[in-house]
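What's in model-v5.txt: compact mmCIF, N, CA, C and O atoms
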```
# COMPACT_ATOMS: atom_id res chain seq x y z
N ILE A 1 13.28 21.60 3.30
CA ILE A 1 13.22 22.49 2.15
C ILE A 1 14.35 22.11 1.20
O ILE A 1 15.47 21.90 1.63
N PHE A 2 14.02 22.01 -0.07
CA PHE A 2 15.00 21.68 -1.10
C PHE A 2 15.06 22.79 -2.13
O PHE A 2 14.03 23.32 -2.55
N GLU A 3 16.26 23.14 -2.55
CA GLU A 3 16.43 24.12 -3.61
C GLU A 3 15.94 23.52 -4.93
O GLU A 3 15.75 22.31 -5.04
N ALA A 4 15.78 24.36 -5.94
CA ALA A 4 15.29 23.90 -7.23
C ALA A 4 16.21 22.90 -7.90
O ALA A 4 15.78 22.10 -8.73
N ASN A 5 17.48 22.86 -7.52
CA ASN A 5 18.41 21.88 -8.10
C ASN A 5 18.45 20.58 -7.31
O ASN A 5 19.22 19.68 -7.62
N GLY A 6 17.65 20.48 -6.23
CA GLY A 6 17.59 19.26 -5.43
C GLY A 6 18.43 19.29 -4.17
O GLY A 6 18.37 18.38 -3.35
N THR A 7 19.21 20.35 -3.96
CA THR A 7 20.06 20.47 -2.78
C THR A 7 19.21 20.80 -1.55
O THR A 7 18.38 21.70 -1.60
N PRO A 8 19.40 20.09 -0.43
CA PRO A 8 18.63 20.42 0.77
C PRO A 8 19.03 21.77 1.34
O PRO A 8 20.21 22.12 1.35
N ARG A 9 18.05 22.54 1.77
CA ARG A 9 18.31 23.84 2.39
C ARG A 9 18.18 23.76 3.90
O ARG A 9 18.96 24.33 4.63
N ALA A 10 17.18 23.05 4.40
CA ALA A 10 16.95 22.96 5.84
C ALA A 10 16.14 21.72 6.12
O ALA A 10 15.60 21.09 5.22
N SER A 11 16.05 21.35 7.40
CA SER A 11 15.25 20.19 7.78
C SER A 11 14.79 20.38 9.20
O SER A 11 15.29 21.21 9.94
N GLY A 12 13.80 19.58 9.58
CA GLY A 12 13.31 19.64 10.95
C GLY A 12 12.68 18.32 11.32
O GLY A 12 12.40 17.49 10.48
N GLY A 13 12.44 18.11 12.60
CA GLY A 13 11.84 16.87 13.06
C GLY A 13 12.72 15.69 12.73
O GLY A 13 13.94 15.75 12.83
N TYR A 14 12.11 14.58 12.33
CA TYR A 14 12.87 13.38 11.99
C TYR A 14 13.69 13.58 10.73
O TYR A 14 14.71 12.94 10.54
N GLY A 15 13.25 14.48 9.88
CA GLY A 15 13.87 14.64 8.56
C GLY A 15 15.23 15.29 8.58
O GLY A 15 15.40 16.39 8.08
N THR A 16 16.19 14.65 9.18
CA THR A 16 17.54 15.18 9.13
C THR A 16 18.06 15.11 7.71
O THR A 16 17.53 14.37 6.88
N LEU A 17 19.09 15.88 7.43
CA LEU A 17 19.61 15.89 6.06
C LEU A 17 20.05 14.51 5.61
O LEU A 17 20.01 14.20 4.43
N SER A 18 20.46 13.64 6.53
CA SER A 18 20.88 12.30 6.15
C SER A 18 19.69 11.39 5.87
O SER A 18 19.85 10.32 5.31
N SER A 19 18.48 11.82 6.24
CA SER A 19 17.29 11.00 6.04
C SER A 19 16.71 11.15 4.64
O SER A 19 15.99 10.28 4.18
N PHE A 20 16.99 12.28 3.99
CA PHE A 20 16.38 12.57 2.69
C PHE A 20 17.46 12.88 1.67
O PHE A 20 18.43 13.57 1.97
N ASN A 21 17.26 12.39 0.47
CA ASN A 21 18.13 12.71 -0.65
C ASN A 21 17.23 13.00 -1.84
O ASN A 21 16.43 12.16 -2.23
N MET A 22 17.33 14.19 -2.39
CA MET A 22 16.51 14.53 -3.55
C MET A 22 17.42 14.73 -4.75
O MET A 22 18.45 15.40 -4.65
N THR A 23 17.00 14.17 -5.86
CA THR A 23 17.70 14.30 -7.13
C THR A 23 16.77 14.94 -8.14
O THR A 23 15.61 14.53 -8.28
N ARG A 24 17.26 15.96 -8.81
CA ARG A 24 16.50 16.56 -9.90
C ARG A 24 16.72 15.69 -11.13
O ARG A 24 17.83 15.59 -11.64
N ILE A 25 15.67 15.03 -11.59
CA ILE A 25 15.77 14.12 -12.74
C ILE A 25 15.78 14.92 -14.04
O ILE A 25 16.57 14.65 -14.94
N SER A 26 14.88 15.85 -14.15
CA SER A 26 14.83 16.77 -15.29
C SER A 26 14.00 17.97 -14.86
O SER A 26 13.57 18.05 -13.71
N THR A 27 13.75 18.90 -15.75
CA THR A 27 13.02 20.10 -15.39
C THR A 27 11.70 19.74 -14.71
O THR A 27 10.88 19.02 -15.27
N GLY A 28 11.54 20.20 -13.48
CA GLY A 28 10.29 20.00 -12.75
C GLY A 28 10.05 18.61 -12.20
O GLY A 28 9.01 18.36 -11.60
N ILE A 29 11.00 17.70 -12.37
CA ILE A 29 10.82 16.33 -11.88
C ILE A 29 11.93 16.00 -10.91
O ILE A 29 13.11 16.08 -11.24
N TYR A 30 11.53 15.65 -9.68
CA TYR A 30 12.47 15.35 -8.61
C TYR A 30 12.16 13.96 -8.05
O TYR A 30 11.01 13.54 -8.02
N GLN A 31 13.18 13.27 -7.63
CA GLN A 31 13.00 11.97 -6.97
C GLN A 31 13.59 12.07 -5.58
O GLN A 31 14.74 12.47 -5.41
N VAL A 32 12.78 11.71 -4.58
CA VAL A 32 13.20 11.77 -3.18
C VAL A 32 13.36 10.35 -2.66
O VAL A 32 12.45 9.53 -2.79
N THR A 33 14.51 10.07 -2.08
CA THR A 33 14.78 8.81 -1.41
C THR A 33 14.95 9.12 0.07
O THR A 33 15.65 10.06 0.42
N HIS A 34 14.29 8.35 0.91
CA HIS A 34 14.38 8.56 2.35
C HIS A 34 14.50 7.21 3.04
O HIS A 34 14.19 6.18 2.45
N ASN A 35 14.95 7.19 4.26
CA ASN A 35 15.10 5.92 4.97
C ASN A 35 13.99 5.69 5.99
O ASN A 35 14.07 4.81 6.81
N MET A 36 12.93 6.48 5.92
CA MET A 36 11.85 6.34 6.88
C MET A 36 11.08 5.03 6.70
O MET A 36 10.58 4.47 7.67
N GLY A 37 10.98 4.55 5.48
CA GLY A 37 10.29 3.29 5.26
C GLY A 37 10.99 2.15 5.96
O GLY A 37 10.37 1.29 6.58
N THR A 38 12.31 2.14 5.89
CA THR A 38 13.11 1.09 6.52
C THR A 38 13.17 1.28 8.03
O THR A 38 12.86 0.37 8.80
N SER A 39 13.51 2.49 8.47
CA SER A 39 13.72 2.70 9.90
C SER A 39 12.43 2.75 10.71
O SER A 39 12.42 2.37 11.87
N LEU A 40 11.32 3.19 10.10
CA LEU A 40 10.05 3.28 10.82
C LEU A 40 9.04 2.22 10.39
O LEU A 40 7.91 2.22 10.85
N GLY A 41 9.44 1.34 9.49
CA GLY A 41 8.52 0.30 9.03
C GLY A 41 7.39 0.83 8.16
O GLY A 41 6.30 0.27 8.13
N LEU A 42 7.64 1.92 7.45
CA LEU A 42 6.60 2.50 6.60
C LEU A 42 6.56 1.83 5.24
O LEU A 42 7.55 1.31 4.76
N ASN A 43 5.38 1.84 4.64
CA ASN A 43 5.25 1.45 3.25
C ASN A 43 4.38 2.49 2.58
O ASN A 43 3.92 3.43 3.23
N THR A 44 4.12 2.36 1.31
CA THR A 44 3.40 3.41 0.58
C THR A 44 1.97 3.56 1.07
O THR A 44 1.30 4.51 0.70
N ASN A 45 1.47 2.67 1.92
CA ASN A 45 0.11 2.77 2.42
C ASN A 45 0.00 3.42 3.79
O ASN A 45 -1.10 3.64 4.27
N ASN A 46 1.11 3.68 4.48
CA ASN A 46 0.99 4.25 5.82
C ASN A 46 1.80 5.51 6.05
O ASN A 46 2.18 5.82 7.16
N TYR A 47 2.07 6.26 5.00
CA TYR A 47 2.58 7.61 5.16
C TYR A 47 2.07 8.48 4.03
O TYR A 47 1.71 7.99 2.96
N VAL A 48 1.96 9.76 4.31
CA VAL A 48 1.55 10.71 3.29
C VAL A 48 2.67 11.72 3.09
O VAL A 48 3.41 12.03 4.02
N THR A 49 2.78 12.19 1.88
CA THR A 49 3.82 13.14 1.53
C THR A 49 3.16 14.38 0.96
O THR A 49 2.20 14.28 0.20
N GLN A 50 3.69 15.51 1.33
CA GLN A 50 3.21 16.77 0.79
C GLN A 50 4.40 17.54 0.24
O GLN A 50 5.44 17.63 0.89
N ALA A 51 4.24 18.05 -0.95
CA ALA A 51 5.29 18.88 -1.57
C ALA A 51 4.64 20.19 -1.99
O ALA A 51 3.67 20.19 -2.75
N THR A 52 5.17 21.27 -1.48
CA THR A 52 4.62 22.59 -1.78
C THR A 52 5.72 23.45 -2.39
O THR A 52 6.82 23.52 -1.86
N SER A 53 5.38 24.09 -3.48
CA SER A 53 6.34 24.98 -4.13
C SER A 53 6.43 26.29 -3.36
O SER A 53 5.43 26.80 -2.85
N GLU A 54 7.62 26.84 -3.29
CA GLU A 54 7.80 28.15 -2.67
C GLU A 54 7.32 29.25 -3.62
O GLU A 54 7.10 30.38 -3.20
N VAL A 55 7.13 28.89 -4.88
CA VAL A 55 6.63 29.82 -5.89
C VAL A 55 5.13 29.57 -6.04
O VAL A 55 4.70 28.45 -6.33
N GLY A 56 4.33 30.59 -5.84
CA GLY A 56 2.89 30.44 -5.84
C GLY A 56 2.27 29.98 -7.14
O GLY A 56 1.17 29.45 -7.15
N LEU A 57 2.94 30.16 -8.25
CA LEU A 57 2.36 29.81 -9.54
C LEU A 57 2.85 28.46 -10.07
O LEU A 57 2.75 28.19 -11.26
N VAL A 58 3.36 27.62 -9.18
CA VAL A 58 3.82 26.29 -9.55
C VAL A 58 3.05 25.26 -8.72
O VAL A 58 2.93 25.38 -7.51
N ILE A 59 2.51 24.27 -9.39
CA ILE A 59 1.73 23.20 -8.75
C ILE A 59 2.56 21.92 -8.78
O ILE A 59 3.16 21.58 -9.80
N CYS A 60 2.57 21.19 -7.66
CA CYS A 60 3.37 19.97 -7.55
C CYS A 60 2.50 18.78 -7.19
O CYS A 60 1.57 18.90 -6.39
N TYR A 61 2.81 17.64 -7.79
CA TYR A 61 2.13 16.38 -7.52
C TYR A 61 3.15 15.37 -7.03
O TYR A 61 4.28 15.35 -7.50
N VAL A 62 2.73 14.52 -6.09
CA VAL A 62 3.61 13.49 -5.53
C VAL A 62 3.15 12.14 -6.04
O VAL A 62 1.95 11.82 -6.03
N TYR A 63 4.11 11.32 -6.49
CA TYR A 63 3.84 9.98 -7.00
C TYR A 63 4.69 8.97 -6.22
O TYR A 63 5.92 9.05 -6.24
N PRO A 64 4.06 8.01 -5.51
CA PRO A 64 4.85 7.00 -4.80
C PRO A 64 5.54 6.06 -5.78
O PRO A 64 4.98 5.70 -6.81
N VAL A 65 6.76 5.70 -5.46
CA VAL A 65 7.52 4.75 -6.26
C VAL A 65 7.72 3.47 -5.47
O VAL A 65 7.50 2.38 -5.98
N SER A 66 8.15 3.60 -4.21
CA SER A 66 8.33 2.45 -3.32
C SER A 66 8.21 2.95 -1.89
O SER A 66 7.93 4.13 -1.66
N SER A 67 8.46 2.09 -0.90
CA SER A 67 8.33 2.51 0.49
C SER A 67 9.34 3.58 0.87
O SER A 67 9.13 4.32 1.84
N ASN A 68 10.43 3.70 0.14
CA ASN A 68 11.46 4.69 0.45
C ASN A 68 11.70 5.72 -0.65
O ASN A 68 12.63 6.51 -0.56
N VAL A 69 10.88 5.70 -1.69
CA VAL A 69 11.12 6.60 -2.83
C VAL A 69 9.79 7.16 -3.33
O VAL A 69 8.80 6.43 -3.44
N PHE A 70 9.79 8.47 -3.60
CA PHE A 70 8.65 9.07 -4.29
C PHE A 70 9.17 10.14 -5.24
O PHE A 70 10.29 10.62 -5.11
N GLN A 71 8.36 10.45 -6.24
CA GLN A 71 8.70 11.50 -7.19
C GLN A 71 7.79 12.69 -6.99
O GLN A 71 6.63 12.55 -6.59
N ILE A 72 8.32 13.87 -7.27
CA ILE A 72 7.56 15.10 -7.24
C ILE A 72 7.64 15.70 -8.63
O ILE A 72 8.74 15.85 -9.17
N ARG A 73 6.49 16.02 -9.20
CA ARG A 73 6.46 16.62 -10.54
C ARG A 73 5.78 17.97 -10.44
O ARG A 73 4.66 18.07 -9.92
N CYS A 74 6.44 19.01 -10.92
CA CYS A 74 5.97 20.38 -10.75
C CYS A 74 5.74 21.04 -12.11
O CYS A 74 6.52 20.84 -13.04
N PHE A 75 4.66 21.83 -12.18
CA PHE A 75 4.26 22.49 -13.42
C PHE A 75 3.83 23.91 -13.14
O PHE A 75 3.26 24.20 -12.08
N ASN A 76 4.05 24.79 -14.11
CA ASN A 76 3.51 26.14 -13.97
C ASN A 76 2.04 26.11 -14.38
O ASN A 76 1.51 25.06 -14.74
N LEU A 77 1.36 27.24 -14.30
CA LEU A 77 -0.08 27.27 -14.57
C LEU A 77 -0.43 27.00 -16.03
O LEU A 77 -1.58 26.74 -16.35
N SER A 78 0.57 27.02 -16.92
CA SER A 78 0.34 26.67 -18.33
C SER A 78 0.55 25.18 -18.58
O SER A 78 0.41 24.71 -19.70
N GLY A 79 0.92 24.43 -17.53
CA GLY A 79 1.14 22.99 -17.67
C GLY A 79 2.54 22.61 -18.10
O GLY A 79 2.79 21.45 -18.43
N VAL A 80 3.46 23.56 -18.10
CA VAL A 80 4.83 23.30 -18.50
C VAL A 80 5.65 22.96 -17.26
O VAL A 80 5.54 23.62 -16.23
N ALA A 81 6.47 21.90 -17.36
CA ALA A 81 7.32 21.49 -16.23
C ALA A 81 8.17 22.66 -15.78
O ALA A 81 8.72 23.40 -16.59
N ALA A 82 8.26 22.84 -14.44
CA ALA A 82 8.98 23.99 -13.89
C ALA A 82 9.77 23.59 -12.65
O ALA A 82 9.25 22.89 -11.78
N ASP A 83 11.02 24.04 -12.58
CA ASP A 83 11.82 23.85 -11.37
C ASP A 83 11.34 24.83 -10.31
O ASP A 83 10.88 25.92 -10.63
N THR A 84 11.48 24.43 -9.04
CA THR A 84 11.04 25.29 -7.94
C THR A 84 11.71 24.87 -6.64
O THR A 84 12.19 23.74 -6.52
N VAL A 85 11.74 25.77 -5.68
CA VAL A 85 12.15 25.43 -4.32
C VAL A 85 10.97 24.69 -3.69
O VAL A 85 9.82 25.13 -3.80
N LEU A 86 11.25 23.53 -3.08
CA LEU A 86 10.18 22.68 -2.54
C LEU A 86 10.24 22.57 -1.03
O LEU A 86 11.31 22.42 -0.44
N HIS A 87 9.07 22.63 -0.40
CA HIS A 87 8.91 22.30 1.01
C HIS A 87 8.27 20.92 1.03
O HIS A 87 7.16 20.73 0.51
N VAL A 88 8.99 19.93 1.56
CA VAL A 88 8.54 18.53 1.52
C VAL A 88 8.34 18.03 2.93
O VAL A 88 9.20 18.23 3.80
N SER A 89 7.21 17.36 3.17
CA SER A 89 7.00 16.72 4.47
C SER A 89 6.50 15.31 4.26
O SER A 89 5.78 15.02 3.31
N VAL A 90 6.91 14.42 5.17
CA VAL A 90 6.46 13.03 5.17
C VAL A 90 5.86 12.79 6.54
O VAL A 90 6.50 13.02 7.56
N THR A 91 4.60 12.33 6.58
CA THR A 91 3.89 12.12 7.83
C THR A 91 3.40 10.69 7.91
O THR A 91 2.74 10.21 6.98
N ARG A 92 3.70 10.04 9.00
CA ARG A 92 3.23 8.68 9.24
C ARG A 92 1.76 8.73 9.60
O ARG A 92 1.33 9.57 10.38
N ILE A 93 0.95 7.83 9.01
CA ILE A 93 -0.47 7.77 9.33
C ILE A 93 -0.83 6.43 9.95
O ILE A 93 -0.10 5.50 9.86
```
Please lay out the structure from this file as structure tokens.
Amino acid sequence: IFEANGTPRASGGYGTLSSFNMTRISTGIYQVTHNMGTSLGLNTNNYVTQATSEVGLVICYVYPVSSNVFQIRCFNLSGVAADTVLHVSVTRI
């Protein structure tokens, strides 16, 4: 779980706090860097990422950047970029 400013709140499973780093790029846009691609041999074709807003009226989309980086872009129901608390998961497929 990440706060709206990008600060990690909690983690579980493999996702220790040292495994993930999220940066708020601008309103509603976050970039997540993780070491799972390197340590587990993942690339953008063999893992899926889910980002869910803790606020019900905010929709988030995930965009792969590289094997260790993805962006999350969040919008309110009017289509305006919105900051939010995020629940993020990365699953190997």
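The gap separating atom C of Thr33 (chain A) from CA of Phe70 (chain A) is 7.7 Å, in Å to one decimal.
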Legend entry - Spatial neighbours of Asn5 (chain A), max dist 7 Å, all atoms listed in the file, sep filter under 4 positions, as a ChimeraX atom specification: /A:22-24,83-85
Inset, instruction - Counting all atoms listed in the file, select every polymer residue within 6 Å of (0.8, 12.3, 4.1) as defined in the file's coordinates, and provide the selection as a PyMOL selection string. - result: chain A and resi 47-50+89-91
Legend entry - Exercise: Ala51 (chain A) partners within 5 Å, only N, CA, C and O atoms, chain neighbours under 6 positions left out, as an MDAnalysis selection string: chainID A and resid 60 87:88
Inset, instruction - May I ask which of the residues A:Leu77, A:Ile93, A:Val32, A:Ala82 is the closest one to Tyr63 (chain A), counting only N, CA, C and O atoms? - result: A:Val32
Inset, instruction - Considering only N, CA, C and O atoms, state which residue in the set A:Leu86, A:Val62, A:Val69, A:Cys74 is at the smallest distance from Gly6 (chain A). - result: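 For Gly6 (chain A), the nearest of the given residues is A:Leu86.
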Inset, instruction - Quick one: pull the distance between CA of Ser66 (chain A) and CA of Asn46 (chain A), Å, one decimal. - result: 11.9 Å
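Nearest residue to Tyr30 (chain A) among A:Val80, A:Val58, A:Ala4, A:Ser67 is A:Ala4, counting all atoms listed in the file.
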Legend entry - Nearest residue to Asn35 (chain A) from the set A:Val55, A:Asn68, A:Ala81, A:Glu3 (distances using only C-alpha atoms):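 Looking only at the distances to Asn35 (chain A), the closest residue turns out to be A:Asn68.
The gap separating atom N of Ser53 (chain A) from CA of Gln31 (chain A) is 14.7 Å, in Å to one decimal.
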